[in-house]
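Before any comments, here is the structure.
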Amino acid sequence: MTVELGRYGVWRGHRGLDPQLAVEMEALGYGAVWIGGSPPGDLALAESLLDATERLAVATGIVNMWSTPAEEVAASYHRIEAKHPGRFLLGVGIGHPEATTEYRSPYATMVDYLDRLDAGGVPVAGRALAALGPRALKLSADRTAGAHPYLTTPEHTREAREVLGAGVLLAPEQKVVVDTDAARARTTARPGVENPYLHLVNYRSNLQRLGWSEADLDNGGSDALIDALVAHGDAASVAARLTAHLDAGADHVCLQVLPGDGDPVPALREISAALRLA
């Protein structure tokens, strides 16, 4: 692994990111920002975030293999790496069948895409793979720096570490709501879990592998499911959930503040203080 992510980072959709927010994340002590929501393959946003900061690592979570040719993203990777060596991690992934009419042979497509990144000179240590199930996790260990699971729990992190083995990056995403009113926190959290994730077969299948029932996944998700997927409470409680991923075998955990269209800075500040990052 050539990119130093630190132990804690921030995941945020690309439409909600800008250089000033990245500067604030860095000042609060977070080690990395993950650009979510299938950012464009030119990676101009990643470059602007790196330009504005001094130490913050930037990762994509993730560039969608269906929407960006490997050759294009390889050229973008080299442009950024030349300008900001050792600070950019290229996260790529297959996406979901509901998102593209071209979705087919997902495993073969991932292998082919990684082959093309190899041909484009993107180093194994400079890329990561979105992975949930055992087969994709094993591929991430064999062909990239490691795995970036999304919408998971510390229990999944523990199982993923067993599949990956030692010395392979494991960087899960964790949704959070800083609110000590549990009912209100669930109301805030539920839309960010249900839409679209509880309607996507890949996420539903992964949650069922973890023991959740169809009843838990339907109708917006049961309270127990929301509590498992979204850390809520005071900042110390949220920090404890993040640390639980590390205790389960993660190297780095990136938190996503809900709601995604709100101002994340107040919550990021409280969580940073609870984790003693700054």
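Letters A, B, ... go to the chains of the structure tokens in the order shown; residues in each chain start at 1; ligands are counted from 1 in the same order.
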Which residues are close to stretch 231-233 of chain A, i.e. within 12 Å by only C-alpha atoms, leaving aside same-chain residues fewer than 6 positions away? Reply as number ranges by chain. A: 151-154, 173-190, 193, 224-225, 239-245, 255-258, 267, 270-271
Where in stretch 52-210 of chain A does DSSP assign helix (DSSP H, G or I), given as an MDAnalysis selection string? chainID A and resid 52 70:83 97:99 106:119 124:126 134:143 154:164 182:194 197:199 201:209
Find the residues near A:Val63: any atom within 10 Å, counting only C-alpha atoms, skip ones fewer than 4 places away on the same chain, and give them as a PyMOL selection string. chain A and resi 35-41+43+59+67-70+73+90-95+129-130
Need to verify the contact set: A:Ala46, 12 Å, only C-alpha atoms, exclusion of same-chain residues closer than 3 positions in sequence. Can you return it as a PDB file with N, CA, C and O atoms, in the first residue's frame?
ATOM      1  N   HIS A  14     -19.755  13.007  -4.736  1.00  0.00           N
ATOM      2  CA  HIS A  14     -18.921  14.007  -5.422  1.00  0.00           C
ATOM      3  C   HIS A  14     -19.629  15.343  -5.589  1.00  0.00           C
ATOM      4  O   HIS A  14     -18.972  16.392  -5.616  1.00  0.00           O
ATOM      5  N   LEU A  17     -18.875  17.765  -2.577  1.00  0.00           N
ATOM      6  CA  LEU A  17     -17.484  18.018  -2.212  1.00  0.00           C
ATOM      7  C   LEU A  17     -16.943  19.234  -2.940  1.00  0.00           C
ATOM      8  O   LEU A  17     -17.284  19.487  -4.095  1.00  0.00           O
ATOM      9  N   ASP A  18     -16.075  19.963  -2.251  1.00  0.00           N
ATOM     10  CA  ASP A  18     -15.354  21.064  -2.874  1.00  0.00           C
ATOM     11  C   ASP A  18     -14.040  21.247  -2.121  1.00  0.00           C
ATOM     12  O   ASP A  18     -13.848  20.689  -1.041  1.00  0.00           O
ATOM     13  N   PRO A  19     -13.118  22.014  -2.684  1.00  0.00           N
ATOM     14  CA  PRO A  19     -11.806  22.155  -2.044  1.00  0.00           C
ATOM     15  C   PRO A  19     -11.869  22.697  -0.622  1.00  0.00           C
ATOM     16  O   PRO A  19     -11.104  22.253   0.245  1.00  0.00           O
ATOM     17  N   ALA A  22     -12.621  19.997   1.788  1.00  0.00           N
ATOM     18  CA  ALA A  22     -11.444  19.139   1.968  1.00  0.00           C
ATOM     19  C   ALA A  22     -10.439  19.768   2.920  1.00  0.00           C
ATOM     20  O   ALA A  22      -9.830  19.079   3.750  1.00  0.00           O
ATOM     21  N   ALA A  32      -8.171  10.960   4.995  1.00  0.00           N
ATOM     22  CA  ALA A  32      -8.529  10.791   3.592  1.00  0.00           C
ATOM     23  C   ALA A  32      -9.960  11.243   3.359  1.00  0.00           C
ATOM     24  O   ALA A  32     -10.796  11.210   4.270  1.00  0.00           O
ATOM     25  N   VAL A  33     -10.230  11.639   2.130  1.00  0.00           N
ATOM     26  CA  VAL A  33     -11.601  11.883   1.686  1.00  0.00           C
ATOM     27  C   VAL A  33     -11.870  10.937   0.523  1.00  0.00           C
ATOM     28  O   VAL A  33     -11.049  10.791  -0.380  1.00  0.00           O
ATOM     29  N   TRP A  34     -13.023  10.286   0.582  1.00  0.00           N
ATOM     30  CA  TRP A  34     -13.447   9.355  -0.469  1.00  0.00           C
ATOM     31  C   TRP A  34     -14.522  10.030  -1.305  1.00  0.00           C
ATOM     32  O   TRP A  34     -15.548  10.458  -0.767  1.00  0.00           O
ATOM     33  N   ILE A  35     -14.291  10.123  -2.602  1.00  0.00           N
ATOM     34  CA  ILE A  35     -15.235  10.763  -3.519  1.00  0.00           C
ATOM     35  C   ILE A  35     -16.238   9.709  -3.968  1.00  0.00           C
ATOM     36  O   ILE A  35     -15.906   8.791  -4.716  1.00  0.00           O
ATOM     37  N   GLY A  36     -17.472   9.836  -3.511  1.00  0.00           N
ATOM     38  CA  GLY A  36     -18.483   8.842  -3.808  1.00  0.00           C
ATOM     39  C   GLY A  36     -19.394   9.232  -4.956  1.00  0.00           C
ATOM     40  O   GLY A  36     -19.308  10.332  -5.524  1.00  0.00           O
ATOM     41  N   PRO A  39     -17.841   9.326  -9.531  1.00  0.00           N
ATOM     42  CA  PRO A  39     -17.326  10.579 -10.090  1.00  0.00           C
ATOM     43  C   PRO A  39     -16.839  10.387 -11.520  1.00  0.00           C
ATOM     44  O   PRO A  39     -16.463   9.282 -11.917  1.00  0.00           O
ATOM     45  N   PRO A  40     -16.833  11.467 -12.316  1.00  0.00           N
ATOM     46  CA  PRO A  40     -16.368  11.369 -13.705  1.00  0.00           C
ATOM     47  C   PRO A  40     -14.927  10.885 -13.787  1.00  0.00           C
ATOM     48  O   PRO A  40     -14.107  11.131 -12.907  1.00  0.00           O
ATOM     49  N   GLY A  41     -14.632  10.212 -14.898  1.00  0.00           N
ATOM     50  CA  GLY A  41     -13.325   9.606 -15.068  1.00  0.00           C
ATOM     51  C   GLY A  41     -12.191  10.569 -15.283  1.00  0.00           C
ATOM     52  O   GLY A  41     -11.017  10.167 -15.200  1.00  0.00           O
ATOM     53  N   ASP A  42     -12.498  11.856 -15.553  1.00  0.00           N
ATOM     54  CA  ASP A  42     -11.394  12.816 -15.680  1.00  0.00           C
ATOM     55  C   ASP A  42     -10.736  13.114 -14.340  1.00  0.00           C
ATOM     56  O   ASP A  42      -9.626  13.651 -14.277  1.00  0.00           O
ATOM     57  N   LEU A  43     -11.433  12.772 -13.231  1.00  0.00           N
ATOM     58  CA  LEU A  43     -10.913  12.936 -11.873  1.00  0.00           C
ATOM     59  C   LEU A  43     -10.475  14.365 -11.577  1.00  0.00           C
ATOM     60  O   LEU A  43      -9.596  14.611 -10.753  1.00  0.00           O
ATOM     61  N   LEU A  49      -9.145  18.748  -5.038  1.00  0.00           N
ATOM     62  CA  LEU A  49      -9.068  18.525  -3.592  1.00  0.00           C
ATOM     63  C   LEU A  49      -7.620  18.365  -3.153  1.00  0.00           C
ATOM     64  O   LEU A  49      -7.218  18.866  -2.092  1.00  0.00           O
ATOM     65  N   LEU A  50      -6.832  17.685  -3.951  1.00  0.00           N
ATOM     66  CA  LEU A  50      -5.410  17.529  -3.651  1.00  0.00           C
ATOM     67  C   LEU A  50      -4.674  18.855  -3.775  1.00  0.00           C
ATOM     68  O   LEU A  50      -3.786  19.163  -2.965  1.00  0.00           O
ATOM     69  N   ASP A  51      -5.033  19.648  -4.766  1.00  0.00           N
ATOM     70  CA  ASP A  51      -4.403  20.961  -4.944  1.00  0.00           C
ATOM     71  C   ASP A  51      -4.619  21.852  -3.716  1.00  0.00           C
ATOM     72  O   ASP A  51      -3.742  22.652  -3.354  1.00  0.00           O
ATOM     73  N   ALA A  52      -5.788  21.707  -3.073  1.00  0.00           N
ATOM     74  CA  ALA A  52      -6.160  22.609  -1.979  1.00  0.00           C
ATOM     75  C   ALA A  52      -5.604  22.178  -0.628  1.00  0.00           C
ATOM     76  O   ALA A  52      -5.633  22.959   0.325  1.00  0.00           O
ATOM     77  N   THR A  53      -5.116  20.947  -0.526  1.00  0.00           N
ATOM     78  CA  THR A  53      -4.676  20.410   0.757  1.00  0.00           C
ATOM     79  C   THR A  53      -3.198  20.033   0.698  1.00  0.00           C
ATOM     80  O   THR A  53      -2.594  20.001  -0.365  1.00  0.00           O
ATOM     81  N   LEU A  56      -3.811  15.498   3.059  1.00  0.00           N
ATOM     82  CA  LEU A  56      -5.000  14.678   2.901  1.00  0.00           C
ATOM     83  C   LEU A  56      -4.873  13.755   1.693  1.00  0.00           C
ATOM     84  O   LEU A  56      -4.522  14.194   0.601  1.00  0.00           O
ATOM     85  N   ALA A  57      -5.134  12.475   1.899  1.00  0.00           N
ATOM     86  CA  ALA A  57      -5.217  11.547   0.771  1.00  0.00           C
ATOM     87  C   ALA A  57      -6.602  11.651   0.153  1.00  0.00           C
ATOM     88  O   ALA A  57      -7.595  11.957   0.826  1.00  0.00           O
ATOM     89  N   VAL A  58      -6.690  11.381  -1.130  1.00  0.00           N
ATOM     90  CA  VAL A  58      -7.963  11.396  -1.849  1.00  0.00           C
ATOM     91  C   VAL A  58      -8.133  10.045  -2.523  1.00  0.00           C
ATOM     92  O   VAL A  58      -7.206   9.528  -3.151  1.00  0.00           O
ATOM     93  N   ALA A  59      -9.326   9.465  -2.366  1.00  0.00           N
ATOM     94  CA  ALA A  59      -9.646   8.182  -2.976  1.00  0.00           C
ATOM     95  C   ALA A  59     -10.989   8.294  -3.677  1.00  0.00           C
ATOM     96  O   ALA A  59     -11.828   9.130  -3.311  1.00  0.00           O
ATOM     97  N   THR A  60     -11.214   7.471  -4.665  1.00  0.00           N
ATOM     98  CA  THR A  60     -12.525   7.414  -5.305  1.00  0.00           C
ATOM     99  C   THR A  60     -13.275   6.205  -4.786  1.00  0.00           C
ATOM    100  O   THR A  60     -12.741   5.121  -4.662  1.00  0.00           O
ATOM    101  N   GLY A  61     -14.559   6.438  -4.490  1.00  0.00           N
ATOM    102  CA  GLY A  61     -15.365   5.355  -3.944  1.00  0.00           C
ATOM    103  C   GLY A  61     -16.744   5.263  -4.590  1.00  0.00           C
ATOM    104  O   GLY A  61     -17.691   5.504  -3.894  1.00  0.00           O
ATOM    105  N   ILE A  62     -16.907   4.938  -5.874  1.00  0.00           N
ATOM    106  CA  ILE A  62     -15.836   4.462  -6.740  1.00  0.00           C
ATOM    107  C   ILE A  62     -16.058   4.992  -8.164  1.00  0.00           C
ATOM    108  O   ILE A  62     -17.163   5.431  -8.499  1.00  0.00           O
ATOM    109  N   VAL A  63     -14.988   4.923  -8.994  1.00  0.00           N
ATOM    110  CA  VAL A  63     -15.164   5.111 -10.430  1.00  0.00           C
ATOM    111  C   VAL A  63     -15.865   3.866 -10.978  1.00  0.00           C
ATOM    112  O   VAL A  63     -15.425   2.745 -10.744  1.00  0.00           O
ATOM    113  N   VAL A  73      -9.410   6.452 -17.285  1.00  0.00           N
ATOM    114  CA  VAL A  73      -9.108   6.630 -15.873  1.00  0.00           C
ATOM    115  C   VAL A  73      -7.629   6.397 -15.593  1.00  0.00           C
ATOM    116  O   VAL A  73      -7.038   7.024 -14.696  1.00  0.00           O
ATOM    117  N   SER A  76      -5.958   9.639 -16.289  1.00  0.00           N
ATOM    118  CA  SER A  76      -6.236  10.561 -15.194  1.00  0.00           C
ATOM    119  C   SER A  76      -5.395  10.228 -13.974  1.00  0.00           C
ATOM    120  O   SER A  76      -4.874  11.120 -13.287  1.00  0.00           O
ATOM    121  N   TYR A  77      -5.278   8.939 -13.687  1.00  0.00           N
ATOM    122  CA  TYR A  77      -4.454   8.510 -12.552  1.00  0.00           C
ATOM    123  C   TYR A  77      -3.024   9.005 -12.696  1.00  0.00           C
ATOM    124  O   TYR A  77      -2.450   9.558 -11.744  1.00  0.00           O
ATOM    125  N   ARG A  79      -1.855  11.493 -14.431  1.00  0.00           N
ATOM    126  CA  ARG A  79      -1.791  12.953 -14.320  1.00  0.00           C
ATOM    127  C   ARG A  79      -1.762  13.382 -12.853  1.00  0.00           C
ATOM    128  O   ARG A  79      -0.947  14.222 -12.445  1.00  0.00           O
ATOM    129  N   ILE A  80      -2.627  12.764 -12.062  1.00  0.00           N
ATOM    130  CA  ILE A  80      -2.713  13.127 -10.646  1.00  0.00           C
ATOM    131  C   ILE A  80      -1.497  12.628  -9.875  1.00  0.00           C
ATOM    132  O   ILE A  80      -0.941  13.350  -9.034  1.00  0.00           O
ATOM    133  N   GLU A  81      -1.066  11.422 -10.142  1.00  0.00           N
ATOM    134  CA  GLU A  81       0.083  10.862  -9.433  1.00  0.00           C
ATOM    135  C   GLU A  81       1.352  11.671  -9.705  1.00  0.00           C
ATOM    136  O   GLU A  81       2.187  11.850  -8.807  1.00  0.00           O
ATOM    137  N   LYS A  83       1.468  14.830 -10.231  1.00  0.00           N
ATOM    138  CA  LYS A  83       1.331  16.123  -9.556  1.00  0.00           C
ATOM    139  C   LYS A  83       1.330  15.972  -8.039  1.00  0.00           C
ATOM    140  O   LYS A  83       1.858  16.823  -7.315  1.00  0.00           O
ATOM    141  N   HIS A  84       0.747  14.887  -7.548  1.00  0.00           N
ATOM    142  CA  HIS A  84       0.609  14.665  -6.096  1.00  0.00           C
ATOM    143  C   HIS A  84       1.001  13.224  -5.774  1.00  0.00           C
ATOM    144  O   HIS A  84       0.152  12.395  -5.418  1.00  0.00           O
ATOM    145  N   ARG A  87      -0.574  10.344  -2.933  1.00  0.00           N
ATOM    146  CA  ARG A  87      -1.726  10.858  -2.198  1.00  0.00           C
ATOM    147  C   ARG A  87      -3.072  10.470  -2.816  1.00  0.00           C
ATOM    148  O   ARG A  87      -4.119  10.854  -2.289  1.00  0.00           O
ATOM    149  N   PHE A  88      -3.057   9.717  -3.894  1.00  0.00           N
ATOM    150  CA  PHE A  88      -4.309   9.375  -4.572  1.00  0.00           C
ATOM    151  C   PHE A  88      -4.460   7.866  -4.695  1.00  0.00           C
ATOM    152  O   PHE A  88      -3.549   7.170  -5.135  1.00  0.00           O
ATOM    153  N   LEU A  89      -5.640   7.368  -4.287  1.00  0.00           N
ATOM    154  CA  LEU A  89      -5.976   5.959  -4.420  1.00  0.00           C
ATOM    155  C   LEU A  89      -7.158   5.833  -5.369  1.00  0.00           C
ATOM    156  O   LEU A  89      -8.221   6.420  -5.129  1.00  0.00           O
ATOM    157  N   LEU A  90      -6.989   5.087  -6.427  1.00  0.00           N
ATOM    158  CA  LEU A  90      -8.041   4.895  -7.420  1.00  0.00           C
ATOM    159  C   LEU A  90      -8.927   3.724  -7.007  1.00  0.00           C
ATOM    160  O   LEU A  90      -8.531   2.565  -7.107  1.00  0.00           O
ATOM    161  N   GLY A  91     -10.126   4.047  -6.532  1.00  0.00           N
ATOM    162  CA  GLY A  91     -11.105   3.014  -6.217  1.00  0.00           C
ATOM    163  C   GLY A  91     -12.016   2.800  -7.415  1.00  0.00           C
ATOM    164  O   GLY A  91     -12.566   3.761  -7.961  1.00  0.00           O
TER     165      GLY A  91
END
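With atom CA of A:Tyr30 on one side and atom CA of A:Ser48 on the other, the separation reads 17.5 Å.
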Residues near stretch 157-162 of chain A, anyone? I mean within 12 Å using only C-alpha atoms, not counting same-chain ones fewer than 2 positions away, as a ChimeraX atom specification. /A:131-138,140-141,146-155,164-174,206,209-210,241-253
Next, the residues of the selection above should be written as a compact mmCIF listing (two decimals), in the first residue's frame with N, CA and C atoms.
# COMPACT_ATOMS: atom_id res chain seq x y z
N ALA A 131 -15.92 -4.13 -3.04
CA ALA A 131 -16.13 -5.57 -2.89
C ALA A 131 -16.98 -5.85 -1.66
N LEU A 132 -17.92 -6.79 -1.81
CA LEU A 132 -18.77 -7.22 -0.71
C LEU A 132 -18.68 -8.72 -0.48
N GLY A 133 -18.96 -9.50 -1.51
CA GLY A 133 -18.96 -10.95 -1.38
C GLY A 133 -17.57 -11.56 -1.44
N PRO A 134 -17.46 -12.83 -1.07
CA PRO A 134 -16.14 -13.48 -1.00
C PRO A 134 -15.36 -13.46 -2.30
N ARG A 135 -16.04 -13.66 -3.44
CA ARG A 135 -15.31 -13.73 -4.70
C ARG A 135 -14.69 -12.38 -5.06
N ALA A 136 -15.46 -11.30 -4.91
CA ALA A 136 -14.93 -9.97 -5.19
C ALA A 136 -13.86 -9.57 -4.19
N LEU A 137 -14.05 -9.96 -2.94
CA LEU A 137 -13.03 -9.66 -1.93
C LEU A 137 -11.71 -10.35 -2.28
N LYS A 138 -11.79 -11.61 -2.70
CA LYS A 138 -10.58 -12.33 -3.07
C LYS A 138 -9.91 -11.67 -4.27
N SER A 140 -10.05 -8.53 -5.04
CA SER A 140 -9.43 -7.28 -4.57
C SER A 140 -8.07 -7.56 -3.93
N ALA A 141 -7.97 -8.67 -3.22
CA ALA A 141 -6.70 -9.02 -2.59
C ALA A 141 -5.65 -9.44 -3.61
N GLY A 146 -6.50 -3.58 -2.14
CA GLY A 146 -7.46 -4.13 -1.21
C GLY A 146 -8.88 -3.71 -1.51
N ALA A 147 -9.75 -3.85 -0.51
CA ALA A 147 -11.19 -3.74 -0.70
C ALA A 147 -11.77 -2.50 -0.03
N HIS A 148 -12.81 -1.96 -0.68
CA HIS A 148 -13.58 -0.85 -0.14
C HIS A 148 -15.05 -1.27 -0.08
N PRO A 149 -15.45 -1.97 1.00
CA PRO A 149 -16.86 -2.36 1.14
C PRO A 149 -17.72 -1.16 1.54
N TYR A 150 -18.98 -1.19 1.08
CA TYR A 150 -19.92 -0.10 1.34
C TYR A 150 -21.21 -0.67 1.91
N LEU A 151 -21.82 0.06 2.83
CA LEU A 151 -23.07 -0.33 3.49
C LEU A 151 -22.88 -1.66 4.22
N THR A 152 -21.95 -1.65 5.14
CA THR A 152 -21.63 -2.87 5.86
C THR A 152 -21.60 -2.61 7.37
N THR A 153 -21.25 -3.63 8.09
CA THR A 153 -21.21 -3.61 9.55
C THR A 153 -19.85 -4.13 10.02
N PRO A 154 -19.50 -3.93 11.28
CA PRO A 154 -18.26 -4.54 11.79
C PRO A 154 -18.23 -6.06 11.63
N GLU A 155 -19.41 -6.70 11.65
CA GLU A 155 -19.45 -8.15 11.45
C GLU A 155 -18.98 -8.50 10.03
N LEU A 164 -9.68 -11.77 3.05
CA LEU A 164 -8.55 -11.03 2.47
C LEU A 164 -7.21 -11.53 2.99
N GLY A 165 -7.16 -11.94 4.23
CA GLY A 165 -5.89 -12.27 4.84
C GLY A 165 -5.17 -11.02 5.31
N ALA A 166 -3.99 -11.22 5.84
CA ALA A 166 -3.21 -10.11 6.39
C ALA A 166 -2.53 -9.32 5.29
N GLY A 167 -2.25 -8.05 5.60
CA GLY A 167 -1.45 -7.23 4.70
C GLY A 167 -2.18 -6.69 3.50
N VAL A 168 -3.51 -6.79 3.47
CA VAL A 168 -4.33 -6.29 2.36
C VAL A 168 -5.24 -5.20 2.91
N LEU A 169 -5.34 -4.08 2.19
CA LEU A 169 -6.15 -2.96 2.64
C LEU A 169 -7.61 -3.36 2.78
N LEU A 170 -8.22 -2.99 3.90
CA LEU A 170 -9.66 -3.14 4.11
C LEU A 170 -10.17 -1.80 4.62
N ALA A 171 -10.98 -1.12 3.81
CA ALA A 171 -11.41 0.25 4.10
C ALA A 171 -12.92 0.37 3.93
N PRO A 172 -13.70 -0.07 4.94
CA PRO A 172 -15.16 0.00 4.83
C PRO A 172 -15.69 1.42 5.04
N GLU A 173 -16.88 1.63 4.49
CA GLU A 173 -17.64 2.87 4.71
C GLU A 173 -18.62 2.65 5.85
N GLN A 174 -18.85 3.69 6.68
CA GLN A 174 -19.82 3.60 7.78
C GLN A 174 -20.66 4.87 7.81
N ASN A 206 -25.92 -9.14 0.04
CA ASN A 206 -24.87 -9.09 1.06
C ASN A 206 -25.47 -9.04 2.45
N ARG A 209 -26.67 -12.38 3.43
CA ARG A 209 -25.54 -13.24 3.83
C ARG A 209 -25.17 -12.99 5.28
N LEU A 210 -25.38 -11.75 5.74
CA LEU A 210 -25.06 -11.41 7.12
C LEU A 210 -26.16 -11.79 8.10
N ARG A 241 -18.39 3.03 17.20
CA ARG A 241 -18.73 2.16 16.06
C ARG A 241 -17.62 2.18 15.01
N LEU A 242 -17.06 3.35 14.76
CA LEU A 242 -15.95 3.43 13.80
C LEU A 242 -14.78 2.59 14.28
N THR A 243 -14.48 2.70 15.55
CA THR A 243 -13.38 1.93 16.12
C THR A 243 -13.66 0.43 16.08
N ALA A 244 -14.95 0.06 16.15
CA ALA A 244 -15.32 -1.36 16.08
C ALA A 244 -14.90 -1.98 14.75
N HIS A 245 -14.95 -1.20 13.67
CA HIS A 245 -14.47 -1.71 12.38
C HIS A 245 -12.97 -1.98 12.44
N LEU A 246 -12.23 -1.08 13.06
CA LEU A 246 -10.79 -1.29 13.19
C LEU A 246 -10.50 -2.52 14.04
N ASP A 247 -11.25 -2.67 15.12
CA ASP A 247 -11.06 -3.83 15.98
C ASP A 247 -11.40 -5.13 15.25
N ALA A 248 -12.30 -5.03 14.25
CA ALA A 248 -12.71 -6.21 13.49
C ALA A 248 -11.76 -6.54 12.35
N GLY A 249 -10.76 -5.68 12.13
CA GLY A 249 -9.78 -5.98 11.11
C GLY A 249 -9.59 -4.95 10.02
N ALA A 250 -10.37 -3.86 10.06
CA ALA A 250 -10.19 -2.81 9.06
C ALA A 250 -8.88 -2.06 9.30
N ASP A 251 -8.30 -1.56 8.22
CA ASP A 251 -7.13 -0.69 8.32
C ASP A 251 -7.53 0.78 8.39
N HIS A 252 -8.67 1.08 7.79
CA HIS A 252 -9.15 2.45 7.64
C HIS A 252 -10.66 2.37 7.54
N VAL A 253 -11.36 3.31 8.16
CA VAL A 253 -12.81 3.37 8.03
C VAL A 253 -13.19 4.78 7.64
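Near A:Ser213, within 10 Å and counting only C-alpha atoms, sit Arg204, Leu207, Gln208, Asp218, Ser222 and Leu225 of chain A, not including residues fewer than 5 positions from it in the same chain.
Across the model, the gap from atom CA of A:Gly6 to atom CA of A:Leu268 is 15.6 Å.
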Pick out the residues sitting within 6 Å of A:Ala278, and hand them over as a PyMOL selection string; count only C-alpha atoms, and ignore anything fewer than 2 positions along from it in its own chain. chain A and resi 28-29+276
Could the residues in this selection be saved with N, CA, C and O atoms as a short mmCIF file (atom, residue, chain, number, x, y, z; two decimals), in the first residue's frame?
data_model
loop_
_atom_site.label_atom_id
_atom_site.label_comp_id
_atom_site.auth_asym_id
_atom_site.auth_seq_id
_atom_site.Cartn_x
_atom_site.Cartn_y
_atom_site.Cartn_z
N LEU A 28 -9.34 19.00 10.59
CA LEU A 28 -9.95 18.23 11.67
C LEU A 28 -9.21 16.92 11.94
O LEU A 28 -9.57 16.20 12.87
N GLY A 29 -8.23 16.59 11.12
CA GLY A 29 -7.40 15.43 11.39
C GLY A 29 -7.77 14.16 10.63
O GLY A 29 -7.17 13.11 10.89
N ARG A 276 -10.16 12.19 18.99
CA ARG A 276 -8.91 12.92 19.29
C ARG A 276 -7.99 12.98 18.07
O ARG A 276 -6.78 12.75 18.16
#
DSSP strand (DSSP E) selection over stretch 144-198 of chain A, as a ChimeraX atom specification: /A:146-147,169-170,173-178
C-alpha atoms of the current selection, written as a short mmCIF file (atom, residue, chain, number, x, y, z; two decimals), in the first residue's frame:
data_model
loop_
_atom_site.label_atom_id
_atom_site.label_comp_id
_atom_site.auth_asym_id
_atom_site.auth_seq_id
_atom_site.Cartn_x
_atom_site.Cartn_y
_atom_site.Cartn_z
CA GLY A 146 -7.46 -4.13 -1.21
CA ALA A 147 -11.19 -3.74 -0.70
CA LEU A 169 -6.15 -2.96 2.64
CA LEU A 170 -9.66 -3.14 4.11
CA GLU A 173 -17.64 2.87 4.71
CA GLN A 174 -19.82 3.60 7.78
CA LYS A 175 -22.88 5.87 7.77
CA VAL A 176 -23.36 8.07 10.83
CA VAL A 177 -25.89 10.45 12.39
CA VAL A 178 -24.83 12.47 15.42
#
Among A:Ala236, A:Val230, A:Ala273, A:Leu217, A:Pro259 is approached most closely, using only C-alpha atoms, by A:Val230
Smallest atom-to-atom distance to A:Asn202: which of A:Pro106, A:Ala82, A:Leu45, A:Leu5, using only C-alpha atoms? A:Pro106
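Taking atom CA of A:Gly192 and atom CA of A:Gly260 as the two end points, the separation is 7.4 Å.
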